[in-house]
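Q: Got a structure for you, questions after.
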Amino acid sequence: MCVGIDPGSDALGYAVVLSERSNLRVVDFGSIAVRSIPWEQRLNVLYEGVKDVVIGAKPDLMGVERLFFNKNVKTAIKVAEVRGVILLVAAQHGLSVVELNPIEVKMALTGYGRARKEQVREMVKRILGIHETLPFDVSDALAVAVGALRKVESRFNV
C-alpha cells in the first residue's frame, strides 16, 4: 500500500492506493487545507495531518513529488519546508520513500512527460475508476501514488 503526497504550502493532497497483483484500488484521498493558517503553525498542522493518514492507512511506501525548480524562490522554500515535514513522517514510521519529479509522474500516468494537469487528472480517474471531480492537489497525490507503485513494481519485474 502506498500513500502519495502532493506537497503544497496552501493545501497538501494525499492519497492511499493499494496494489493487489497489479490491480490498483483507492483506499482514501483528500486534502489538508492550510491557506488560512499562519505560516508558523502550518507545518505542524501538515505534520499532524500526514501522520494521521499514515497511522490510519499503515502503508509500507510513500510517494512524494520532488520539488520542481520554481522561479518564485519564496514559494520553492515553503514547499521544501513542507517536503521536510512529509519526509520526517515517513522516516518516523519506517516507510520506504519514492520521490518522483513531475515529468516522471506524468510519464507513469499518461506516457507523456509534458501532459497537462487536466490530462493527468483524467487518467487518474480512468485508471482508478473515480467518477467524481477531483481538485488538482488530490489528483496529483493519486498520480504520485500510482507512479510510485509502478516504479517499485517495475524494479521487481525486470
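In the C-alpha cells, each chain is lettered A, B, ... as it comes, each chain's residues begin at 1, and ligands are numbered from 1 in order of appearance.
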Mind checking which residues fall within 8 Å of region 91-105 of chain A, counting only C-alpha atoms, ignoring those fewer than 3 positions away in the same chain, and posting them as a list in words?

A: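 Residues near the query, excluding close chain neighbours: Val54, Pro59, Asp60, Leu61, Met62, Gly63, Val64, Glu65, Arg66, Leu67, Phe68, Leu87, Leu88, Ala108, Leu109, Gly113, Arg114, Ala143, Val144, Gly147 and Ala148 of chain A.
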
Q: Would you output that residue set with C-alpha atoms, as an mmCIF file, in the first residue's frame?

A:
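Full text of result_29.cif as output:
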data_model
loop_
_atom_site.group_PDB
_atom_site.id
_atom_site.type_symbol
_atom_site.label_atom_id
_atom_site.label_comp_id
_atom_site.auth_asym_id
_atom_site.auth_seq_id
_atom_site.Cartn_x
_atom_site.Cartn_y
_atom_site.Cartn_z
ATOM 1 C CA VAL A 54 -0.052 7.190 7.737
ATOM 2 C CA PRO A 59 1.248 1.933 4.199
ATOM 3 C CA ASP A 60 4.684 0.492 3.549
ATOM 4 C CA LEU A 61 5.539 3.004 0.843
ATOM 5 C CA MET A 62 5.296 6.768 0.458
ATOM 6 C CA GLY A 63 5.435 8.510 -2.896
ATOM 7 C CA VAL A 64 6.338 12.193 -2.757
ATOM 8 C CA GLU A 65 6.515 14.636 -5.593
ATOM 9 C CA ARG A 66 10.034 16.003 -5.854
ATOM 10 C CA LEU A 67 10.388 19.767 -5.826
ATOM 11 C CA PHE A 68 10.469 21.200 -9.303
ATOM 12 C CA LEU A 87 9.838 13.047 4.844
ATOM 13 C CA LEU A 88 10.084 13.278 8.634
ATOM 14 C CA ALA A 108 3.720 6.947 -15.355
ATOM 15 C CA LEU A 109 0.122 8.039 -15.905
ATOM 16 C CA GLY A 113 6.123 13.782 -19.728
ATOM 17 C CA ARG A 114 4.622 17.103 -20.809
ATOM 18 C CA ALA A 143 -0.966 10.244 -9.580
ATOM 19 C CA VAL A 144 2.108 10.252 -7.305
ATOM 20 C CA GLY A 147 3.598 6.446 -10.159
ATOM 21 C CA ALA A 148 5.420 5.290 -7.026
#

Q: Hey, what's within 8 Å of Asp6 (chain A) if we count only C-alpha atoms and toss same-chain stuff fewer than 3 positions away? As a tab-separated table (two decimals) with N, CA and C atoms, in the first residue's frame, please?

A:
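Generated output (result.tsv):
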chain	number	residue	atom	x	y	z
A	12	LEU	N	-2.24	20.48	0.90
A	12	LEU	CA	-1.47	19.27	0.65
A	12	LEU	C	-2.44	18.18	0.25
A	13	GLY	N	-2.22	17.59	-0.92
A	13	GLY	CA	-3.05	16.47	-1.35
A	13	GLY	C	-2.44	15.17	-0.88
A	14	TYR	N	-3.31	14.23	-0.48
A	14	TYR	CA	-2.83	12.90	-0.09
A	14	TYR	C	-3.75	11.85	-0.70
A	64	VAL	N	6.34	10.75	-2.98
A	64	VAL	CA	6.34	12.19	-2.76
A	64	VAL	C	6.81	12.87	-4.03
A	65	GLU	N	6.07	13.89	-4.43
A	65	GLU	CA	6.52	14.64	-5.59
A	65	GLU	C	7.75	15.44	-5.23
A	137	ASP	N	-4.81	19.12	-6.30
A	137	ASP	CA	-3.89	18.60	-5.27
A	137	ASP	C	-4.20	17.13	-4.98
A	138	VAL	N	-5.46	16.75	-5.04
A	138	VAL	CA	-5.85	15.36	-4.79
A	138	VAL	C	-5.50	14.47	-5.99
A	140	ASP	N	-3.24	15.02	-8.15
A	140	ASP	CA	-1.77	14.91	-8.19
A	140	ASP	C	-1.26	13.90	-7.17
A	141	ALA	N	-1.85	13.88	-5.97
A	141	ALA	CA	-1.45	12.90	-4.96
A	141	ALA	C	-1.76	11.48	-5.41
A	144	VAL	N	0.82	10.56	-7.95
A	144	VAL	CA	2.11	10.25	-7.31
A	144	VAL	C	2.07	8.84	-6.72

Q: Determine which residues of chain A receive a DSSP assignment of strand (DSSP E), computed from the backbone, and state them as a PyMOL selection string.

A: chain A and resi 2-6+11-20+23-33+61-65+96-100

Q: Using only C-alpha atoms, can you tell me which of A:Ser154, A:Ser36, A:Asn72, A:Thr133 comes closest to Ser22 (chain A)?

A: A:Ser154

Q: Counting only C-alpha atoms, what is within 7 Å of Val27 (chain A), bar same-chain residues fewer than 6 positions away, as a PyMOL selection string?

A: chain A and resi 16-18

Q: Just want the 10 Å neighbourhood of Val34 (chain A), counted on only C-alpha atoms, with same-chain residues fewer than 3 positions away dropped. Output as an mmCIF file with C-alpha atoms, in the first residue's frame.

A:
data_model
loop_
_atom_site.group_PDB
_atom_site.id
_atom_site.type_symbol
_atom_site.label_atom_id
_atom_site.label_comp_id
_atom_site.auth_asym_id
_atom_site.auth_seq_id
_atom_site.Cartn_x
_atom_site.Cartn_y
_atom_site.Cartn_z
ATOM 1 C CA GLY A 8 1.837 22.336 -1.151
ATOM 2 C CA SER A 9 2.177 25.311 1.134
ATOM 3 C CA ASP A 10 -1.549 26.206 0.895
ATOM 4 C CA ALA A 11 -3.028 22.716 0.517
ATOM 5 C CA LEU A 12 -1.466 19.273 0.647
ATOM 6 C CA SER A 31 -6.616 17.446 1.039
ATOM 7 C CA ILE A 37 -3.440 29.281 8.990
ATOM 8 C CA PRO A 38 -0.447 31.455 9.921
ATOM 9 C CA TRP A 39 2.766 30.048 8.405
ATOM 10 C CA GLN A 41 1.504 26.887 12.514
ATOM 11 C CA ARG A 42 1.090 25.328 9.045
ATOM 12 C CA LEU A 43 3.961 22.861 9.273
ATOM 13 C CA VAL A 45 -0.907 21.085 11.026
ATOM 14 C CA LEU A 46 0.527 19.357 7.943
#

Q: Between CA of Ala33 (chain A) and CA of Lys151 (chain A), what distance in Å does the model show, to one decimal?

A: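 Straight-line distance from CA of Ala33 (chain A) to CA of Lys151 (chain A) works out to 28.5 Å.
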
Q: From a backbone DSSP assignment, name each residue in region 1-156 of chain A labelled helix (DSSP H, G or I), as a ChimeraX atom specification.

A: /A:39-57,73-92,102-110,117-128,136-156
